[in-house]
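Undergrad: The following file, target-v2.json, comprises JSON, C-alpha atoms:
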[["chain", "number", "residue", "atom", "x", "y", "z"],
["A", 1, "MET", "CA", -74.25, 301.45, 103.63],
["A", 2, "LYS", "CA", -73.02, 298.01, 104.70],
["A", 3, "GLN", "CA", -69.29, 297.54, 105.20],
["A", 4, "TYR", "CA", -67.19, 294.38, 105.25],
["A", 5, "VAL", "CA", -63.79, 294.07, 106.88],
["A", 6, "GLY", "CA", -60.90, 291.69, 106.18],
["A", 7, "LEU", "CA", -58.14, 291.22, 108.74],
["A", 8, "ASP", "CA", -54.81, 289.67, 107.81],
["A", 9, "VAL", "CA", -53.33, 289.13, 111.27],
["A", 10, "SER", "CA", -49.64, 288.66, 111.98],
["A", 11, "LEU", "CA", -47.76, 288.88, 115.26],
["A", 12, "GLU", "CA", -47.07, 292.61, 115.32],
["A", 13, "GLN", "CA", -49.29, 294.23, 112.70],
["A", 14, "THR", "CA", -52.66, 293.48, 111.17],
["A", 15, "ALA", "CA", -53.54, 294.54, 107.63],
["A", 16, "VAL", "CA", -57.10, 295.88, 107.59],
["A", 17, "CYS", "CA", -59.28, 296.38, 104.53],
["A", 18, "ILE", "CA", -62.82, 297.75, 104.45],
["A", 19, "VAL", "CA", -65.04, 297.29, 101.39],
["A", 20, "ASP", "CA", -68.59, 298.41, 100.62],
["A", 21, "GLU", "CA", -71.54, 296.33, 99.31],
["A", 22, "GLN", "CA", -70.24, 296.56, 95.74],
["A", 23, "GLY", "CA", -66.74, 295.42, 96.72],
["A", 24, "LYS", "CA", -65.07, 298.83, 96.38],
["A", 25, "ALA", "CA", -62.21, 299.28, 98.84],
["A", 26, "LEU", "CA", -63.12, 302.16, 101.17],
["A", 27, "TRP", "CA", -60.05, 302.04, 103.40],
["A", 28, "ARG", "CA", -56.83, 300.03, 103.63],
["A", 29, "GLY", "CA", -54.21, 300.24, 106.32],
["A", 30, "LYS", "CA", -52.43, 298.56, 109.21],
["A", 31, "CYS", "CA", -52.76, 298.61, 112.96],
["A", 32, "ALA", "CA", -51.22, 296.84, 115.94],
["A", 33, "SER", "CA", -52.25, 293.19, 116.29],
["A", 34, "THR", "CA", -54.16, 293.63, 119.51],
["A", 35, "PRO", "CA", -57.93, 293.33, 119.82],
["A", 36, "GLU", "CA", -58.11, 296.85, 121.26],
["A", 37, "ALA", "CA", -56.30, 298.42, 118.31],
["A", 38, "ILE", "CA", -58.28, 296.39, 115.76],
["A", 39, "ALA", "CA", -61.61, 297.26, 117.41],
["A", 40, "ALA", "CA", -60.69, 300.96, 117.56],
["A", 41, "PHE", "CA", -59.85, 301.00, 113.85],
["A", 42, "ILE", "CA", -63.06, 299.22, 112.92],
["A", 43, "HIS", "CA", -65.22, 301.52, 115.06],
["A", 44, "ALA", "CA", -63.51, 304.59, 113.57],
["A", 45, "LYS", "CA", -63.34, 303.50, 109.92],
["A", 46, "ALA", "CA", -66.30, 301.09, 109.52],
["A", 47, "PRO", "CA", -69.22, 302.23, 111.68],
["A", 48, "HIS", "CA", -71.69, 300.17, 109.58],
["A", 49, "VAL", "CA", -69.73, 296.92, 109.62],
["A", 50, "GLU", "CA", -71.79, 293.89, 108.59],
["A", 51, "ARG", "CA", -69.10, 291.18, 108.88],
["A", 52, "ILE", "CA", -65.44, 290.95, 109.82],
["A", 53, "GLY", "CA", -63.37, 288.05, 108.50],
["A", 54, "LEU", "CA", -60.11, 286.69, 109.85],
["A", 55, "GLU", "CA", -58.39, 283.40, 109.04],
["A", 56, "SER", "CA", -58.04, 280.74, 111.71],
["A", 57, "SER", "CA", -54.56, 280.86, 113.25],
["A", 58, "PRO", "CA", -52.92, 280.56, 116.67],
["A", 59, "LEU", "CA", -53.99, 284.15, 117.44],
["A", 60, "SER", "CA", -57.52, 283.89, 116.03],
["A", 61, "THR", "CA", -59.10, 282.45, 119.20],
["A", 62, "TRP", "CA", -57.93, 285.42, 121.24],
["A", 63, "HIS", "CA", -58.91, 287.97, 118.59],
["A", 64, "TRP", "CA", -62.29, 286.35, 117.91],
["A", 65, "HIS", "CA", -63.31, 286.26, 121.60],
["A", 66, "GLU", "CA", -62.11, 289.78, 122.28],
["A", 67, "LEU", "CA", -63.78, 291.27, 119.19],
["A", 68, "LYS", "CA", -67.03, 289.42, 120.00],
["A", 69, "LYS", "CA", -66.90, 290.89, 123.55],
["A", 70, "ARG", "CA", -66.80, 294.33, 121.94],
["A", 71, "GLY", "CA", -69.96, 293.53, 119.97],
["A", 72, "LEU", "CA", -68.28, 293.17, 116.58],
["A", 73, "PRO", "CA", -69.63, 290.65, 114.01],
["A", 74, "VAL", "CA", -66.41, 288.69, 113.55],
["A", 75, "ILE", "CA", -66.19, 285.41, 111.64],
["A", 76, "CYS", "CA", -63.27, 282.99, 111.78],
["A", 77, "LEU", "CA", -62.60, 281.62, 108.30],
["A", 78, "ASP", "CA", -61.28, 278.17, 107.43],
["A", 79, "THR", "CA", -57.64, 278.68, 106.46],
["A", 80, "ARG", "CA", -57.56, 276.15, 103.62],
["A", 81, "HIS", "CA", -60.73, 277.53, 102.09],
["A", 82, "ALA", "CA", -59.50, 281.13, 102.35],
["A", 83, "LYS", "CA", -56.05, 280.19, 101.06],
["A", 84, "THR", "CA", -57.60, 278.68, 97.94],
["A", 85, "ALA", "CA", -59.54, 281.88, 97.25],
["A", 86, "LEU", "CA", -56.55, 284.13, 98.03],
["A", 87, "SER", "CA", -54.20, 282.09, 95.83],
["A", 88, "LEU", "CA", -55.97, 283.52, 92.77],
["A", 89, "GLN", "CA", -54.42, 286.92, 93.49],
["A", 90, "VAL", "CA", -51.54, 288.01, 91.29],
["A", 91, "ASN", "CA", -49.71, 290.03, 93.92],
["A", 92, "LYS", "CA", -49.86, 288.27, 97.31],
["A", 93, "THR", "CA", -49.21, 290.74, 100.14],
["A", 94, "ASP", "CA", -50.76, 291.27, 103.57],
["A", 95, "PRO", "CA", -52.84, 294.26, 102.40],
["A", 96, "ASN", "CA", -54.04, 292.29, 99.36],
["A", 97, "ASP", "CA", -54.88, 289.32, 101.58],
["A", 98, "ALA", "CA", -56.95, 291.64, 103.81],
["A", 99, "LEU", "CA", -58.77, 292.87, 100.69],
["A", 100, "GLY", "CA", -59.36, 289.27, 99.60],
["A", 101, "LEU", "CA", -60.73, 288.34, 103.04],
["A", 102, "ALA", "CA", -63.05, 291.36, 102.98],
["A", 103, "GLN", "CA", -64.34, 290.26, 99.56],
["A", 104, "ILE", "CA", -64.84, 286.70, 100.82],
["A", 105, "VAL", "CA", -67.02, 287.81, 103.75],
["A", 106, "ARG", "CA", -68.87, 290.29, 101.50],
["A", 107, "THR", "CA", -69.84, 287.60, 98.99],
["A", 108, "GLY", "CA", -70.56, 284.94, 101.60],
["A", 109, "TRP", "CA", -68.22, 282.45, 99.92],
["A", 110, "TYR", "CA", -66.54, 281.24, 103.04],
["A", 111, "ARG", "CA", -66.49, 278.30, 105.41],
["A", 112, "GLU", "CA", -66.74, 279.41, 109.01],
["A", 113, "VAL", "CA", -64.67, 277.71, 111.69],
["A", 114, "THR", "CA", -66.17, 277.10, 115.11],
["A", 115, "VAL", "CA", -63.98, 278.84, 117.67],
["A", 116, "LYS", "CA", -63.50, 276.91, 120.90],
["A", 117, "SER", "CA", -64.18, 278.51, 124.24],
["A", 118, "LEU", "CA", -61.24, 279.86, 126.21],
["A", 119, "ASP", "CA", -61.83, 277.21, 128.91],
["A", 120, "SER", "CA", -61.63, 274.53, 126.23],
["A", 121, "GLN", "CA", -58.35, 276.01, 124.95],
["A", 122, "VAL", "CA", -56.86, 275.98, 128.47],
["A", 123, "PHE", "CA", -57.91, 272.35, 128.99],
["A", 124, "ARG", "CA", -56.48, 271.40, 125.59],
["A", 125, "SER", "CA", -53.17, 273.13, 126.43],
["A", 126, "PHE", "CA", -52.86, 271.20, 129.70],
["A", 127, "LEU", "CA", -53.59, 267.89, 127.97],
["A", 128, "SER", "CA", -51.06, 268.62, 125.24],
["A", 129, "SER", "CA", -48.42, 269.64, 127.78],
["A", 130, "ARG", "CA", -49.02, 266.49, 129.84],
["A", 131, "ALA", "CA", -48.74, 264.32, 126.71],
["A", 132, "ARG", "CA", -45.32, 265.86, 125.92],
["A", 133, "GLN", "CA", -44.14, 265.20, 129.50],
["A", 134, "VAL", "CA", -45.28, 261.57, 129.36],
["A", 135, "GLU", "CA", -43.50, 261.13, 126.00],
["A", 136, "GLY", "CA", -40.30, 262.57, 127.48],
["A", 137, "ARG", "CA", -40.51, 260.28, 130.51],
["A", 138, "VAL", "CA", -41.07, 257.18, 128.35],
["A", 139, "ASP", "CA", -38.18, 258.18, 126.03],
["A", 140, "LEU", "CA", -35.85, 258.60, 129.02],
["A", 141, "ILE", "CA", -36.81, 255.23, 130.53],
["A", 142, "ASN", "CA", -36.31, 253.51, 127.17],
["A", 143, "GLN", "CA", -32.92, 255.19, 126.76],
["A", 144, "ILE", "CA", -31.80, 253.96, 130.20],
["A", 145, "ARG", "CA", -33.07, 250.44, 129.40],
["A", 146, "GLY", "CA", -31.05, 250.50, 126.17],
["A", 147, "MET", "CA", -27.91, 251.66, 127.96],
["A", 148, "LEU", "CA", -28.17, 248.83, 130.55],
["A", 149, "LYS", "CA", -28.78, 245.95, 128.11],
["A", 150, "PRO", "CA", -25.12, 245.70, 126.91],
["A", 151, "PHE", "CA", -24.21, 244.90, 130.54],
["A", 152, "GLY", "CA", -26.83, 242.14, 130.75],
["A", 153, "LEU", "CA", -29.05, 244.24, 132.97],
["A", 154, "VAL", "CA", -32.73, 244.08, 132.01],
["A", 155, "ALA", "CA", -35.08, 246.20, 134.09],
["A", 156, "GLY", "CA", -38.24, 244.29, 133.19],
["A", 157, "GLU", "CA", -41.77, 245.57, 132.82],
["A", 158, "GLY", "CA", -43.60, 248.07, 135.04],
["A", 159, "GLY", "CA", -45.63, 246.64, 137.85],
["A", 160, "ARG", "CA", -45.95, 248.47, 141.14],
["A", 161, "GLN", "CA", -42.24, 249.00, 141.73],
["A", 162, "PRO", "CA", -40.81, 252.34, 140.49],
["A", 163, "PHE", "CA", -38.41, 252.07, 137.55],
["A", 164, "ILE", "CA", -35.43, 253.51, 139.47],
["A", 165, "ASP", "CA", -35.82, 250.85, 142.20],
["A", 166, "ARG", "CA", -36.01, 248.06, 139.58],
["A", 167, "VAL", "CA", -32.77, 249.36, 138.05],
["A", 168, "ARG", "CA", -31.02, 249.55, 141.43],
["A", 169, "GLU", "CA", -32.00, 245.95, 142.23],
["A", 170, "LEU", "CA", -30.76, 244.52, 138.92],
["A", 171, "ASP", "CA", -27.36, 243.36, 140.12],
["A", 172, "PRO", "CA", -26.32, 243.59, 143.76],
["A", 173, "ARG", "CA", -22.63, 243.26, 142.71],
["A", 174, "HIS", "CA", -22.82, 246.85, 141.48],
["A", 175, "SER", "CA", -23.81, 248.27, 144.86],
["A", 176, "ASP", "CA", -20.41, 250.08, 145.29],
["A", 177, "TYR", "CA", -20.85, 251.77, 141.97],
["A", 178, "ASP", "CA", -24.35, 253.22, 141.58],
["A", 179, "PRO", "CA", -24.27, 255.75, 138.75],
["A", 180, "LEU", "CA", -28.03, 256.25, 139.04],
["A", 181, "ALA", "CA", -27.93, 257.40, 142.63],
["A", 182, "SER", "CA", -27.55, 261.14, 142.71],
["A", 183, "GLY", "CA", -27.94, 261.49, 146.42],
["A", 184, "SER", "CA", -31.61, 262.29, 146.06],
["A", 185, "ARG", "CA", -34.26, 259.64, 145.64],
["A", 186, "GLY", "CA", -36.92, 262.33, 145.26],
["A", 187, "ALA", "CA", -36.56, 262.62, 141.47],
["A", 188, "SER", "CA", -38.02, 259.28, 140.51],
["A", 189, "LEU", "CA", -38.35, 257.97, 136.97],
["A", 190, "GLY", "CA", -41.12, 255.56, 137.60]]
Give the structure from this file in structure tokens form.

TA:
Amino acid sequence: MKQYVGLDVSLEQTAVCIVDEQGKALWRGKCASTPEAIAAFIHAKAPHVERIGLESSPLSTWHWHELKKRGLPVICLDTRHAKTALSLQVNKTDPNDALGLAQIVRTGWYREVTVKSLDSQVFRSFLSSRARQVEGRVDLINQIRGMLKPFGLVAGEGGRQPFIDRVRELDPRHSDYDPLASGSRGASLG
């Protein structure tokens, strides 16, 4: 007998539903939201699992890779597609969503999402983090430029000279009072 599993994953608990080929719910319950706990439940409750469906989410990459490593036939479902199907339910709860996901993978009416490799996710995280740091640096430089303009001090465009040095050279009359000098030239803004 083929079995189909739906997983509605949240941070702490995952609602699990197992249905048979006819769509009859064989088992419904919850387990911890770790791949180990989910795999143990599936091995214990659904030894003839044909497909396992979970919606794409921030945790789905981790769960998908870990469940695949354990030899389980997991499929990551497109969230918008699954949401449309699940919105037809009268009573929307995590256990009912797990049942709906199990029915979706049983019938084959789903759109599968390609899950990126873990290396790709790490690379993407570094790029995203770097982009946020560059944005912060540009915002800070623009804020300093804006604060200097009322005093007639215009730092000018980039070039090879660091921004902090361009600011310090703006007006030699202000050499006694250097609010930008903090005693350390190591933390440069440009």

Undergrad: A:Ser10, A:Gln143, A:Gln103, A:Asn91: which is nearest His63 of chain A, counting all atoms listed in the file?

TA: A:Ser10

Undergrad: Calculated over only C-alpha atoms, which of the candidates A:Val122, A:Leu170, A:Val74, A:Leu26 has the smallest distance to Arg145 of chain A?

TA: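 Of the candidates, the smallest distance to Arg145 of chain A is held by A:Leu170.
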
Undergrad: Record the distance separating atom CA of Thr79 of chain A and atom CA of Gly29 of chain A, expressed in Å with one decimal.

TA: 21.8 Å

Undergrad: Could you tell me how far atom CA of Ile52 of chain A lies from atom CA of Leu72 of chain A, in Å and to one decimal?

TA: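 Distance between the two atoms: 7.7 Å.
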
Undergrad: I'd like the interatomic distance between atom CA of Leu99 of chain A and atom CA of Glu66 of chain A, to a tenth of an Å.

TA: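 Atom CA of Glu66 of chain A lies at a distance of 22.1 Å from atom CA of Leu99 of chain A.
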
Undergrad: Give me the residues near segment 16-21 of chain A as a ChimeraX atom specification, where near means some atom within 10 Å (using all atoms listed in the file) and where sequence neighbours in that chain fewer than 3 positions away do not count.

TA: /A:1-9,13,24-31,38,41-42,45-46,48-50,52,54,94-103,105-107

Undergrad: Restricting the calculation to all atoms listed in the file, which member of A:Gln89, A:His81, A:Glu36, A:Ser129 is positioned closest to Leu67 of chain A?

TA: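 Counting all atoms listed in the file, the residue closest to Leu67 of chain A is A:Glu36.
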
Undergrad: Once you add 5 Å to each side, what are the centre and edge lengths of the axis-aligned box holding all listed atoms of segment 11-26 of chain A? One decimal in Å, as JSON, if you can.

TA:
{"center_x": -59.3, "center_y": 295.5, "center_z": 105.5, "size_x": 34.5, "size_y": 23.3, "size_z": 29.6}

Undergrad: Would you please work out which residue, of A:Ser117, A:Leu11, A:Pro150, A:Gln161, is nearest to Leu59 of chain A when using all atoms listed in the file?

TA: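 With all atoms listed in the file as the atom set, the closest residue is A:Leu11.
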
Undergrad: So that I can check the surroundings of Glu112 of chain A, please list as a compact mmCIF listing (two decimals) with C-alpha atoms, in the frame of the given file every protein, DNA and RNA residue that reaches within 6 Å of it, counting all atoms listed in the file and ignoring chain neighbours fewer than 3 positions away.

TA:
# COMPACT_ATOMS: atom_id res chain seq x y z
CA CYS A 76 -63.27 282.99 111.78
CA LEU A 77 -62.60 281.62 108.30
CA ASP A 78 -61.28 278.17 107.43

Undergrad: For segment 20-64 of chain A in the structure I just supplied, write out N, CA and C atoms - as a PDB file, in the first residue's frame.

TA:
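Wrote it out as part-v9.pdb, contents follow:
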ATOM      1  N   ASP A  20      -3.420   7.274   2.493  1.00  0.00           N
ATOM      2  CA  ASP A  20      -3.208   6.132   1.600  1.00  0.00           C
ATOM      3  C   ASP A  20      -3.524   6.517   0.159  1.00  0.00           C
ATOM      4  N   GLU A  21      -3.514   5.528  -0.750  1.00  0.00           N
ATOM      5  CA  GLU A  21      -3.742   5.781  -2.182  1.00  0.00           C
ATOM      6  C   GLU A  21      -5.124   6.368  -2.474  1.00  0.00           C
ATOM      7  N   GLN A  22      -6.091   6.064  -1.627  1.00  0.00           N
ATOM      8  CA  GLN A  22      -7.444   6.593  -1.822  1.00  0.00           C
ATOM      9  C   GLN A  22      -7.649   7.954  -1.157  1.00  0.00           C
ATOM     10  N   GLY A  23      -6.673   8.426  -0.421  1.00  0.00           N
ATOM     11  CA  GLY A  23      -6.773   9.725   0.233  1.00  0.00           C
ATOM     12  C   GLY A  23      -7.271   9.656   1.658  1.00  0.00           C
ATOM     13  N   LYS A  24      -7.429   8.449   2.190  1.00  0.00           N
ATOM     14  CA  LYS A  24      -7.892   8.283   3.574  1.00  0.00           C
ATOM     15  C   LYS A  24      -6.726   8.570   4.523  1.00  0.00           C
ATOM     16  N   ALA A  25      -6.989   9.422   5.514  1.00  0.00           N
ATOM     17  CA  ALA A  25      -5.956   9.749   6.497  1.00  0.00           C
ATOM     18  C   ALA A  25      -5.687   8.531   7.372  1.00  0.00           C
ATOM     19  N   LEU A  26      -4.434   8.064   7.349  1.00  0.00           N
ATOM     20  CA  LEU A  26      -4.028   6.909   8.155  1.00  0.00           C
ATOM     21  C   LEU A  26      -3.497   7.336   9.521  1.00  0.00           C
ATOM     22  N   TRP A  27      -2.837   8.483   9.558  1.00  0.00           N
ATOM     23  CA  TRP A  27      -2.244   8.946  10.817  1.00  0.00           C
ATOM     24  C   TRP A  27      -2.042  10.451  10.742  1.00  0.00           C
ATOM     25  N   ARG A  28      -2.353  11.136  11.838  1.00  0.00           N
ATOM     26  CA  ARG A  28      -2.128  12.577  11.958  1.00  0.00           C
ATOM     27  C   ARG A  28      -1.510  12.851  13.311  1.00  0.00           C
ATOM     28  N   GLY A  29      -0.529  13.727  13.329  1.00  0.00           N
ATOM     29  CA  GLY A  29       0.119  14.060  14.593  1.00  0.00           C
ATOM     30  C   GLY A  29       1.150  15.154  14.410  1.00  0.00           C
ATOM     31  N   LYS A  30       1.932  15.363  15.460  1.00  0.00           N
ATOM     32  CA  LYS A  30       2.974  16.392  15.435  1.00  0.00           C
ATOM     33  C   LYS A  30       4.263  15.797  15.958  1.00  0.00           C
ATOM     34  N   CYS A  31       5.358  16.399  15.502  1.00  0.00           N
ATOM     35  CA  CYS A  31       6.671  16.009  16.012  1.00  0.00           C
ATOM     36  C   CYS A  31       7.549  17.252  16.036  1.00  0.00           C
ATOM     37  N   ALA A  32       8.726  17.121  16.612  1.00  0.00           N
ATOM     38  CA  ALA A  32       9.667  18.243  16.644  1.00  0.00           C
ATOM     39  C   ALA A  32      10.080  18.586  15.212  1.00  0.00           C
ATOM     40  N   SER A  33      10.379  19.845  14.965  1.00  0.00           N
ATOM     41  CA  SER A  33      10.747  20.300  13.616  1.00  0.00           C
ATOM     42  C   SER A  33      12.234  20.119  13.332  1.00  0.00           C
ATOM     43  N   THR A  34      12.704  18.914  13.534  1.00  0.00           N
ATOM     44  CA  THR A  34      14.078  18.586  13.163  1.00  0.00           C
ATOM     45  C   THR A  34      14.009  17.452  12.148  1.00  0.00           C
ATOM     46  N   PRO A  35      14.953  17.402  11.227  1.00  0.00           N
ATOM     47  CA  PRO A  35      14.942  16.314  10.248  1.00  0.00           C
ATOM     48  C   PRO A  35      14.990  14.925  10.892  1.00  0.00           C
ATOM     49  N   GLU A  36      15.703  14.808  11.994  1.00  0.00           N
ATOM     50  CA  GLU A  36      15.802  13.508  12.676  1.00  0.00           C
ATOM     51  C   GLU A  36      14.443  13.052  13.177  1.00  0.00           C
ATOM     52  N   ALA A  37      13.725  13.962  13.846  1.00  0.00           N
ATOM     53  CA  ALA A  37      12.410  13.625  14.397  1.00  0.00           C
ATOM     54  C   ALA A  37      11.414  13.329  13.280  1.00  0.00           C
ATOM     55  N   ILE A  38      11.438  14.128  12.223  1.00  0.00           N
ATOM     56  CA  ILE A  38      10.518  13.925  11.104  1.00  0.00           C
ATOM     57  C   ILE A  38      10.800  12.583  10.433  1.00  0.00           C
ATOM     58  N   ALA A  39      12.072  12.288  10.181  1.00  0.00           N
ATOM     59  CA  ALA A  39      12.441  11.018   9.544  1.00  0.00           C
ATOM     60  C   ALA A  39      12.040   9.832  10.411  1.00  0.00           C
ATOM     61  N   ALA A  40      12.239   9.933  11.724  1.00  0.00           N
ATOM     62  CA  ALA A  40      11.860   8.843  12.626  1.00  0.00           C
ATOM     63  C   ALA A  40      10.357   8.587  12.575  1.00  0.00           C
ATOM     64  N   PHE A  41       9.561   9.662  12.582  1.00  0.00           N
ATOM     65  CA  PHE A  41       8.107   9.504  12.497  1.00  0.00           C
ATOM     66  C   PHE A  41       7.702   8.852  11.179  1.00  0.00           C
ATOM     67  N   ILE A  42       8.296   9.301  10.091  1.00  0.00           N
ATOM     68  CA  ILE A  42       7.929   8.746   8.785  1.00  0.00           C
ATOM     69  C   ILE A  42       8.324   7.277   8.694  1.00  0.00           C
ATOM     70  N   HIS A  43       9.510   6.935   9.148  1.00  0.00           N
ATOM     71  CA  HIS A  43       9.932   5.521   9.115  1.00  0.00           C
ATOM     72  C   HIS A  43       9.020   4.653   9.978  1.00  0.00           C
ATOM     73  N   ALA A  44       8.589   5.176  11.118  1.00  0.00           N
ATOM     74  CA  ALA A  44       7.741   4.399  12.030  1.00  0.00           C
ATOM     75  C   ALA A  44       6.297   4.303  11.537  1.00  0.00           C
ATOM     76  N   LYS A  45       5.760   5.402  11.014  1.00  0.00           N
ATOM     77  CA  LYS A  45       4.330   5.455  10.690  1.00  0.00           C
ATOM     78  C   LYS A  45       4.020   5.225   9.208  1.00  0.00           C
ATOM     79  N   ALA A  46       4.999   5.463   8.322  1.00  0.00           N
ATOM     80  CA  ALA A  46       4.739   5.322   6.879  1.00  0.00           C
ATOM     81  C   ALA A  46       5.878   4.545   6.212  1.00  0.00           C
ATOM     82  N   PRO A  47       5.957   3.242   6.476  1.00  0.00           N
ATOM     83  CA  PRO A  47       7.063   2.466   5.904  1.00  0.00           C
ATOM     84  C   PRO A  47       6.994   2.343   4.368  1.00  0.00           C
ATOM     85  N   HIS A  48       5.838   2.569   3.778  1.00  0.00           N
ATOM     86  CA  HIS A  48       5.678   2.454   2.320  1.00  0.00           C
ATOM     87  C   HIS A  48       5.461   3.823   1.681  1.00  0.00           C
ATOM     88  N   VAL A  49       6.186   4.817   2.165  1.00  0.00           N
ATOM     89  CA  VAL A  49       5.984   6.181   1.691  1.00  0.00           C
ATOM     90  C   VAL A  49       6.404   6.301   0.224  1.00  0.00           C
ATOM     91  N   GLU A  50       5.527   6.898  -0.552  1.00  0.00           N
ATOM     92  CA  GLU A  50       5.762   7.127  -1.986  1.00  0.00           C
ATOM     93  C   GLU A  50       6.305   8.534  -2.218  1.00  0.00           C
ATOM     94  N   ARG A  51       5.696   9.534  -1.561  1.00  0.00           N
ATOM     95  CA  ARG A  51       6.118  10.924  -1.673  1.00  0.00           C
ATOM     96  C   ARG A  51       5.840  11.657  -0.369  1.00  0.00           C
ATOM     97  N   ILE A  52       6.724  12.618  -0.085  1.00  0.00           N
ATOM     98  CA  ILE A  52       6.577  13.491   1.082  1.00  0.00           C
ATOM     99  C   ILE A  52       6.572  14.922   0.559  1.00  0.00           C
ATOM    100  N   GLY A  53       5.568  15.694   0.940  1.00  0.00           N
ATOM    101  CA  GLY A  53       5.489  17.075   0.480  1.00  0.00           C
ATOM    102  C   GLY A  53       5.649  18.071   1.605  1.00  0.00           C
ATOM    103  N   LEU A  54       6.477  19.081   1.370  1.00  0.00           N
ATOM    104  CA  LEU A  54       6.588  20.201   2.292  1.00  0.00           C
ATOM    105  C   LEU A  54       6.673  21.470   1.465  1.00  0.00           C
ATOM    106  N   GLU A  55       6.091  22.556   1.990  1.00  0.00           N
ATOM    107  CA  GLU A  55       6.102  23.835   1.288  1.00  0.00           C
ATOM    108  C   GLU A  55       7.477  24.476   1.382  1.00  0.00           C
ATOM    109  N   SER A  56       7.831  25.245   0.342  1.00  0.00           N
ATOM    110  CA  SER A  56       9.102  25.971   0.401  1.00  0.00           C
ATOM    111  C   SER A  56       8.996  27.047   1.484  1.00  0.00           C
ATOM    112  N   SER A  57      10.059  27.166   2.263  1.00  0.00           N
ATOM    113  CA  SER A  57      10.117  28.119   3.373  1.00  0.00           C
ATOM    114  C   SER A  57      11.587  28.285   3.744  1.00  0.00           C
ATOM    115  N   PRO A  58      11.888  29.178   4.692  1.00  0.00           N
ATOM    116  CA  PRO A  58      13.287  29.313   5.109  1.00  0.00           C
ATOM    117  C   PRO A  58      13.891  28.016   5.660  1.00  0.00           C
ATOM    118  N   LEU A  59      13.077  27.143   6.234  1.00  0.00           N
ATOM    119  CA  LEU A  59      13.586  25.884   6.782  1.00  0.00           C
ATOM    120  C   LEU A  59      13.589  24.743   5.767  1.00  0.00           C
ATOM    121  N   SER A  60      12.923  24.921   4.633  1.00  0.00           N
ATOM    122  CA  SER A  60      12.737  23.794   3.715  1.00  0.00           C
ATOM    123  C   SER A  60      14.037  23.301   3.095  1.00  0.00           C
ATOM    124  N   THR A  61      15.013  24.170   2.860  1.00  0.00           N
ATOM    125  CA  THR A  61      16.287  23.723   2.288  1.00  0.00           C
ATOM    126  C   THR A  61      16.957  22.720   3.221  1.00  0.00           C
ATOM    127  N   TRP A  62      17.016  23.075   4.480  1.00  0.00           N
ATOM    128  CA  TRP A  62      17.629  22.197   5.487  1.00  0.00           C
ATOM    129  C   TRP A  62      16.869  20.872   5.572  1.00  0.00           C
ATOM    130  N   HIS A  63      15.550  20.955   5.729  1.00  0.00           N
ATOM    131  CA  HIS A  63      14.756  19.733   5.841  1.00  0.00           C
ATOM    132  C   HIS A  63      14.866  18.871   4.585  1.00  0.00           C
ATOM    133  N   TRP A  64      14.779  19.480   3.410  1.00  0.00           N
ATOM    134  CA  TRP A  64      14.816  18.739   2.157  1.00  0.00           C
ATOM    135  C   TRP A  64      16.127  17.968   2.018  1.00  0.00           C
TER     136      TRP A  64
END
